[in-house]
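Just below is one structure, and these are the notes that go with it.
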Amino acid sequence: MSLDVLQLGLTKGEIESVRQGLGREPNEVEWSIIDAEWSEHSSYKSSKALLRLFPTKGKRVVLGPGYDAGVVDVGNGYVVTLHIESHNHPSAVDPYGGASTGIGGVLRDILSMGTRPVALVDILRFGRIDKSAHARWLFRNVVRGIADYGNCVGVPTVAGDIEFDESFERNCLVDVACVGLGRKSDLILGEAKTPGDVLVLIGGSTGRDGIRGATFASKNLSNKAEEDRSSVQVPDPFMKKLLIDSLIEAVGTKLIRGMKDLGGGGLSTALSEIASNGGTGVDVDLGHVRCREGDMSPTEIMISESQERMLLVLSPGGAEPILSILRKYDVPYSAIGRVTGDGNLTLKWKGKVVARLPAQLVVKAPLIPWPSKKPSAQEPRARRPLPTPDVGRSIISLLASPNITSKRWVYRQYDHEVGVRTVIKPGQADAALLRLPNGSLLAVKGDGNSAHSSLDPYNGAAGCVAEACRNVVSVGAEPIALVDHLQFGDPSDPEVYWSFGESIRGMADYCAAVELPVVGGKVSFYNEDSSTKLAIKPSPIALVVGLVRDEKHLVSMGFESEGDSVIVIGETRAELGGSEYHRLLGSLDRGVVPRPSPYTDGVLYKAVVDLIRSGAAKAVHDCAKGGLAVALAEMAVAGGRGARIDLRKVPGSEGRPAGILFSESHGRFVLATGDPKGASRLLSERGIAHAPVGEVKGEALRLDAGSKPMTVLDVTALKRSYEGSIGRLMD
Amino acid sequence: MRVAVVRFPGSNCDLDAVAAMRSIAGLSPELVWHESDKLGRYDAVVLPGGFSFGDYLRAGSIAARSPAMSTIRRMADRGTPILGVCNGFQILVEAGLLPGALLRNSSLKFVCDWVNLRVDSPRTPFTLLAQEGQVLRMPIAHGEGRYYAADDEMRALERGRRIVFRYSDEYGKAVAGSNPTGASRNVAGISNEQGNVVGLMPHPERACDPLFSPSGSVDGRLIFASLLEGAT
């Protein structure tokens, strides 16, 4: 069979490298296995070298990148596992199925570590829903897909982040992160260490859905992408729920020796990785794989990405108790082979060996050092004066704009309560807060800012870590770990690859400075439409988890008590580049992007957490999209009270009122406190810029610049524009 | 008092229901697998929320035909208190232990939110400790919870004072704006004729600990504490 017929995604160089490594011509089955495992999706061949820049060590890190999920010690024998996945390409052609199976995949990663999935976080990017029916179609069905799958498996969706921008019109981004919870002593790794052990494939049957899904995800979307719907897997949340319940029960027996989920690359990836991680080989009879269709070929069985499947490694003597648990839950299973000591992936079909490849060769795709070039558009542009619209009207417009407005329309469709762990629910504060069994609380939030990243990928990426940190700090949590997701266009475009490298450097430098370990992540390239040549804006995402020691000091983000002092912490600089204010003015392509201050942010975060612990903080909210103006308005809406604020008192180098209000400078929080002296003393002692700017007062947000009144906005008017605008566009 | 929390494949709120009842001294909740033959020995039964058997076909329809339901039907006839929450309510309706049907929400969307609930019948074993007209706060989380009954059935429910809970505003007025799913006459929960079988869409087990309640409400405890009150 000629190579053309196989429709491989391998390059000429890679094909040569396979031939050399193997010392012979692979057959069809072998080519397909290597094609799946050497896809960008499975191999990280374009990103691995740069990803090494991330700091991955820390006192709480049990396992860092390279496993199905990162593992963080949260004390008293408990661990939290973290992983993030995207399902961008499938969701672009089948938003409902793509989003559902995206959740399915990340749940399996958490489960395969031996931990129970306890929370989901979705980070979504779409085109302009206020302009495009296609964007609304994708948005509506992605949310419905997440809801139907997540709700059915009984894992609450507790937080998220949503952005709308033209660049995501054809290539929406659907990122799902999952938090798992378990005991450190119950952790299971994706490895087969002991020759003679049995390989058992459990869960869904193997069908023709999702054939070459990893390869599909590793190229640009074409205008024929609709024909690729068969590359999207079919979701079955009920089977996933049975897998979760049966495997959690099975983990308790401590008889599972290794576990691996079947995701991108299907059996090809799972078998080769479980063998190479364990330093062993595997001998598998494909005739024992339960197939949905009777006439599937060995190649199809190996590269199918059918959902809801897991691979278990069991000792011959320890298999029965596990199998009896699977029978109780009606989870189908079959023993498909054994672990060997020869280092080979050996596959049999109808009594004959149809593939024999060294596992190490399969998992070690050659890395690609793509050329990188700084785009000319990154050079600063000449300034032209911006229009100066009415401040009050700008605030009202920003509150109603899709990127800022309340996301209640979305999170009301997600069960965010199941499991009864969710202390802070969506919309209540800057991050979700979950109670852990050891009495402490886990904060979680994911963030990104494609407008900042497209103008300045280094500071944009560092900034998204900073924003996620601020969000968990705002609920009183000390940031303890991060998983990242880096989403870009075609890496063979030197400008795309340059922005990818800058993003990694930005994140890595920031994480190192604030001592935040990266425990896992994901890279997604080829988010580009080949017919229009339109690539997405660079979209690095940071998901940060933090710990609150106990439930004694929980803060809100609302202005609630008349007379409380309002303090702005951190400096406001002239950094309107990529701001939502510029989006409003139609000038997103210019200006200085906010630059985080990694070397002082660590001290800042500690101080805010201490303020909350000391009881001095009644309400805390960070400044992010929409700047100080939106932060103040959101606090007024959340607590139902207004405030009187003097903008002249806001600390920082920005002097223009529009800059003070709408600059998205990092490192800022707004605090409402009944003890301004105590709060101020603590902040001064740590050398943190801050100033009292006014007080909680009345039924309106009143902004003055010294003695000059700027605007007065009724809380009811703020509330009206903040709430319901997505519903008005969608229903 | 021993309470069986029946676990079907796909149950989601089973552990939450056990944890909630465990926090009430005197109740001993236990998880009981749906195929267990020991179900008949318990003093009360809770059918928890979730997506039993994936809610394939129709919500609750497959669980309603499981062997556990024959036992539960006999227990219901004997007067054993039986509570169906969310998917448990759907199962009781599908099994014919409660009348009517639970249709897709009028918004055609899943709705997760905290709501107000007025107690219209304090006579059931799950509302003994409530005052008539008392307003409780609890969350709902479902896609198919719009209660519907044919006119004659609805008249029988009203006449028999078997509408146990209605969605209301915070003052106890059952108005259209306080009806999150478009349920007929704001019905959120009903009982059988005897009053010992109760189904409701809201989740009392999620409203038993102030840490998890936006308003600090622990109104869910009233439902489970009533069960204990009736037994003593």
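All residue names refer to the structure tokens as shown: chains lettered A, B, ... in order, residues numbered from 1 in each chain, ligands numbered from 1 in order.
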Exercise: Arg60 (chain A) partners within 9 Å, only C-alpha atoms, chain neighbours under 6 positions left out, as a PyMOL selection string: chain A and resi 71-75+480-481+517
Can I get the selected residues back with N, CA and C atoms, as a CSV table (one decimal), in the first residue's frame?
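And here's again.csv as it stands now:
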chain,number,residue,atom,x,y,z
A,71,VAL,N,-0.1,16.8,40.2
A,71,VAL,CA,-0.6,16.4,41.6
A,71,VAL,C,0.0,17.4,42.6
A,72,VAL,N,-0.8,17.9,43.4
A,72,VAL,CA,-0.4,18.9,44.4
A,72,VAL,C,-0.9,18.5,45.8
A,73,ASP,N,0.1,18.5,46.8
A,73,ASP,CA,-0.2,18.1,48.2
A,73,ASP,C,-1.0,19.2,48.9
A,74,VAL,N,-2.2,18.9,49.4
A,74,VAL,CA,-3.0,19.9,50.1
A,74,VAL,C,-3.1,19.7,51.6
A,75,GLY,N,-2.3,18.7,52.0
A,75,GLY,CA,-2.2,18.5,53.5
A,75,GLY,C,-3.0,17.3,54.0
A,480,ILE,N,-1.1,28.2,44.8
A,480,ILE,CA,-0.1,27.1,45.1
A,480,ILE,C,0.3,26.3,43.8
A,481,ALA,N,-0.4,26.4,42.7
A,481,ALA,CA,0.0,25.7,41.5
A,481,ALA,C,-0.8,26.2,40.3
A,517,PRO,N,4.6,26.9,40.9
A,517,PRO,CA,5.0,25.8,40.0
A,517,PRO,C,3.9,25.5,39.0
Residues near region 55-72 of chain B, anyone? I mean within 6 Å using only C-alpha atoms, not counting same-chain ones fewer than 6 positions away, as a PDB file with N, CA and C atoms, in the first residue's frame.
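This went into out.pdb:
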ATOM      1  N   HIS B  34     -29.108  -0.465  44.050  1.00  0.00           N
ATOM      2  CA  HIS B  34     -30.491  -0.708  43.575  1.00  0.00           C
ATOM      3  C   HIS B  34     -30.823  -2.187  43.426  1.00  0.00           C
ATOM      4  N   GLN B  90     -38.635  12.324  39.538  1.00  0.00           N
ATOM      5  CA  GLN B  90     -38.935  11.856  38.175  1.00  0.00           C
ATOM      6  C   GLN B  90     -39.182  10.347  38.162  1.00  0.00           C
ATOM      7  N   ILE B  91     -38.395   9.608  38.958  1.00  0.00           N
ATOM      8  CA  ILE B  91     -38.564   8.153  39.019  1.00  0.00           C
ATOM      9  C   ILE B  91     -39.931   7.804  39.624  1.00  0.00           C
ATOM     10  N   GLU B  94     -42.538   8.438  37.037  1.00  0.00           N
ATOM     11  CA  GLU B  94     -42.474   7.419  35.980  1.00  0.00           C
ATOM     12  C   GLU B  94     -42.998   6.081  36.482  1.00  0.00           C
ATOM     13  N   ALA B  95     -42.812   5.788  37.777  1.00  0.00           N
ATOM     14  CA  ALA B  95     -43.249   4.514  38.346  1.00  0.00           C
ATOM     15  C   ALA B  95     -44.737   4.544  38.685  1.00  0.00           C
TER      16      ALA B  95
END
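Near chain A, within 6 Å and using only C-alpha atoms, the residues of chain B are Asn12, Asp16, Phe51, Gly54, Phe110, Val111, Cys112, Ala141 and Phe212 of chain B.
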Per DSSP on the backbone, what are the helix (DSSP H, G or I) residues of region 21-231 of chain B, as a ChimeraX atom specification? /B:21-22,39-41,52-55,63-65,67-78,87-94,151-159,176-178,184-186,204-206,210-212,220-231
Just to confirm, what's the straight-line distance from CA of Val650 (chain A) to CA of Ser684 (chain A) in Å (one decimal)? 15.5 Å
Separation of CA of Glu695 (chain A) and CA of Ala477 (chain A), in Å?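 Separation between CA of Glu695 (chain A) and CA of Ala477 (chain A): 25.5 Å.
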Please indicate the distance in Å from CA of Asp610 (chain A) to CA of Leu442 (chain A), rounded to one decimal place. 16.6 Å
Which neighbours of region 214-229 of chain B fall inside 9 Å, counting only C-alpha atoms, when residues of the same chain fewer than 5 positions from it are skipped, and could you give them as a PyMOL selection string? (chain A and resi 423-425+428) or (chain B and resi 1+20-21+23-27+44+81+114+124-130+136-138+203-209)
Contacts of region 177-181 of chain B at 7 Å (only C-alpha atoms; same-chain gap of 6+ positions) as a compact mmCIF listing (two decimals) with N, CA and C atoms, in the first residue's frame:
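The new file out.txt reads:
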# COMPACT_ATOMS: atom_id res chain seq x y z
N ASN B 105 -37.95 21.92 30.95
CA ASN B 105 -38.16 23.28 31.43
C ASN B 105 -38.62 24.18 30.27
N SER B 106 -39.45 25.16 30.59
CA SER B 106 -39.98 25.99 29.51
C SER B 106 -38.89 26.75 28.77
N SER B 107 -37.74 27.02 29.44
CA SER B 107 -36.62 27.70 28.76
C SER B 107 -35.86 26.75 27.85
N GLY B 145 -37.98 19.49 34.73
CA GLY B 145 -38.62 19.59 36.04
C GLY B 145 -39.90 20.40 36.01
N ARG B 146 -40.42 20.66 34.81
CA ARG B 146 -41.65 21.46 34.70
C ARG B 146 -42.83 20.53 34.98
N TYR B 167 -43.18 26.97 43.97
CA TYR B 167 -42.19 28.04 43.79
C TYR B 167 -42.88 29.36 44.10
N SER B 168 -42.22 30.19 44.92
CA SER B 168 -42.85 31.45 45.30
C SER B 168 -41.79 32.54 45.36
N ASP B 169 -42.24 33.76 45.62
CA ASP B 169 -41.27 34.81 45.89
C ASP B 169 -40.89 34.74 47.38
If we count only C-alpha atoms and set the cut-off at 12 Å, which residues sit around Ala638 (chain A), ignoring sequence neighbours fewer than 5 positions away in its own chain? Please answer as a count of residues only. 23
May I have all residues of region 427-586 of chain A that DSSP, computed from the backbone, assigns to strand (DSSP E or B), given as a ChimeraX atom specification? /A:432-435,441-447,478-487,518-524,528-529,534-535,539-548,556,565-569
Please list as a compact mmCIF listing (two decimals) with C-alpha atoms, in the first residue's frame every residue within 7 Å of region 676-683 of chain A, counting only C-alpha atoms and excluding residues in the same chain fewer than 5 positions away.
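Written output follows (out-v2.txt):
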# COMPACT_ATOMS: atom_id res chain seq x y z
CA SER A 565 -13.68 52.87 53.45
CA ALA A 607 -0.45 41.09 51.97
CA LEU A 611 -5.64 41.41 55.19
CA ALA A 616 -9.79 43.80 58.11
CA ILE A 688 2.69 48.39 48.93
Hey, what's within 9 Å of Val555 (chain A) if we count only C-alpha atoms and toss same-chain stuff fewer than 6 positions away? As a PyMOL selection string, please? chain A and resi 429+474-476+612+615+617-620
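When only C-alpha atoms are used to measure the gap to Val106 (chain A), the shortest distance among A:Lys522, A:Lys131, A:Lys407, A:Lys350 belongs to A:Lys522.
Using only C-alpha atoms, the smallest distance between any of A:Arg470, A:Gly639, A:Gly318, A:Ser46 and Val523 (chain A) comes from A:Ser46.
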